[in-house]
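Raw entry.txt, compact mmCIF, C-alpha atoms:
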```
# COMPACT_ATOMS: atom_id res chain seq x y z
CA LYS A 1 16.69 14.08 -10.92
CA ARG A 2 13.33 14.87 -9.34
CA GLU A 3 12.49 17.03 -12.36
CA GLU A 4 13.25 14.14 -14.73
CA PHE A 5 10.80 11.88 -12.89
CA THR A 6 8.19 14.59 -12.94
CA ILE A 7 8.40 14.63 -16.72
CA PHE A 8 8.29 10.85 -17.18
CA HIS A 9 5.89 9.82 -14.43
CA SER A 10 3.08 9.43 -16.94
CA TRP A 11 4.87 6.38 -18.33
CA PHE A 12 4.34 4.60 -15.03
CA ILE A 13 0.68 5.33 -14.32
CA ARG A 14 -0.53 1.93 -15.51
CA ALA A 15 2.27 0.09 -13.73
CA VAL A 16 1.55 1.86 -10.44
CA ALA A 17 -2.18 1.23 -10.79
CA LYS A 18 -1.49 -2.45 -11.50
CA TRP A 19 0.87 -2.67 -8.53
CA LEU A 20 -1.77 -1.14 -6.28
CA ASP A 21 -4.35 -3.65 -7.56
CA ILE A 22 -1.98 -6.52 -6.78
CA ALA A 23 -1.01 -5.03 -3.42
CA LEU A 24 -4.67 -4.62 -2.46
CA TYR A 25 -5.46 -8.23 -3.39
CA LYS A 26 -2.43 -9.60 -1.55
CA ALA A 27 -3.14 -7.40 1.47
CA MET A 28 -6.70 -8.71 1.67
CA VAL A 29 -5.48 -12.31 1.41
CA ARG A 30 -2.84 -11.76 4.09
CA ILE A 31 -5.29 -10.03 6.42
CA VAL A 32 -7.93 -12.76 6.06
CA ARG A 33 -5.29 -15.43 6.64
CA ALA A 34 -3.93 -13.58 9.69
CA VAL A 35 -7.38 -13.31 11.25
CA ARG A 36 -8.13 -16.98 10.60
CA LEU A 37 -4.86 -18.09 12.18
CA ASP A 38 -5.12 -15.74 15.15
CA ASP A 39 -5.82 -17.34 18.50
CA LEU A 40 -6.96 -13.93 19.84
CA HIS A 41 -4.41 -13.81 22.63
CA ALA A 42 -2.20 -10.83 23.30
CA VAL A 43 1.20 -11.02 21.63
CA ASP A 44 2.96 -10.23 24.92
CA ASP A 45 2.24 -9.01 28.44
CA ILE A 46 2.77 -5.35 27.58
CA SER A 47 0.55 -5.20 24.49
CA ASN A 48 -3.15 -5.88 24.17
CA HIS A 49 -2.82 -6.61 20.46
CA SER A 50 -3.30 -10.03 18.95
CA SER A 51 -1.03 -11.37 16.22
CA SER A 52 -3.54 -10.52 13.48
CA ALA A 53 -3.53 -6.86 14.53
CA VAL A 54 0.24 -6.81 14.18
CA ASP A 55 -0.01 -8.51 10.78
CA VAL A 56 -2.62 -6.03 9.53
CA ARG A 57 -0.48 -3.10 10.64
CA THR A 58 2.53 -4.57 8.86
CA VAL A 59 0.62 -5.06 5.61
CA LEU A 60 -0.75 -1.52 5.63
CA SER A 61 2.60 -0.08 6.67
CA GLN A 62 4.31 -1.72 3.68
CA ILE A 63 1.81 -0.18 1.28
CA ARG A 64 2.17 3.22 2.93
CA THR A 65 5.96 3.00 2.75
CA PHE A 66 5.77 2.21 -0.97
CA TRP A 67 3.50 5.19 -1.59
CA THR A 68 5.69 7.53 0.46
CA GLN A 69 8.87 6.41 -1.29
CA LEU A 70 7.20 6.68 -4.68
CA ALA A 71 6.45 10.37 -4.00
CA TRP A 72 4.11 10.58 -6.97
CA PRO A 73 4.54 14.07 -8.49
CA ASP A 74 1.17 14.45 -10.22
CA VAL A 75 -1.40 15.62 -7.69
CA GLU A 76 -4.45 14.82 -9.83
CA THR A 77 -3.35 11.24 -10.44
CA SER A 78 -2.48 10.89 -6.77
CA TYR A 79 -6.06 11.76 -5.86
CA VAL A 80 -7.32 9.12 -8.28
CA PHE A 81 -5.08 6.49 -6.68
CA ILE A 82 -6.00 7.55 -3.15
CA SER A 83 -9.74 7.65 -3.86
CA ARG A 84 -9.58 4.27 -5.52
CA TYR A 85 -7.50 2.49 -2.88
CA GLY A 86 -7.82 4.70 0.17
CA ASN A 87 -11.39 3.69 1.01
CA VAL A 88 -10.77 -0.04 1.23
```
Rewrite the structure from the file as structure tokens, please.
Amino acid sequence: KREEFTIFHSWFIRAVAKWLDIALYKAMVRIVRAVRLDDLHAVDDISNHSSSAVDVRTVLSQIRTFWTQLAWPDVETSYVFISRYGNV
């Protein structure tokens, strides 16, 4: 099945690019909102992280999980996606 996706991945380039655009926008909105709502107190006694730090990590982790599960087969296109969205 992996070979089949490798053949047809080009059909999804625009959809993945669009999803990454939307994910970037939503991530920025969520991060700004998290920072604004943060009272800058540690989440618990063990951690020194505030709630916004946890929220930011969650947002970025979700995007990373999507990318990992996608396992994009075309290396050249992957570099385009990473260069476009990896420096944000």
Got a sec: who's within 10 Å of segment 58-72 of chain A, counting all atoms listed in the file, leaving out chain neighbours fewer than 3 positions off, as a list in words?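 Counting only the stated atoms, we get Arg2, Phe5, Thr6, His9, Ile13, Val16, Leu20, Ala23, Leu24, Lys26, Ala27, Met28, Arg30, Ile31, Ser52, Ala53, Val54, Asp55, Val75, Glu76, Thr77, Ser78 and Ile82 of chain A.
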Report, in Å to a single decimal, how far apart atom CA of Ile22 of chain A and atom CA of Arg36 of chain A are. 21.2 Å
Length of the atom CA of Ser47 of chain A to atom CA of Tyr25 of chain A vector [Å]: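 Calculated distance between atom CA of Ser47 of chain A and atom CA of Tyr25 of chain A is 28.7 Å.
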Can you pull out the residues contacting Asp38 of chain A? Cut-off 9 Å, using only C-alpha atoms, and skip same-chain residues under 2 positions away; I want them as a PyMOL selection string. chain A and resi 33-36+40-41+50-52
Kindly indicate which residue among A:Ile46, A:Leu37, A:Phe12, A:Ala17 lies nearest to Val80 of chain A, using all atoms listed in the file for the distances. A:Ala17
Separation of atom CA of Val56 of chain A from atom CA of Arg14 of chain A, in Å and rounded to one decimal: 26.4 Å
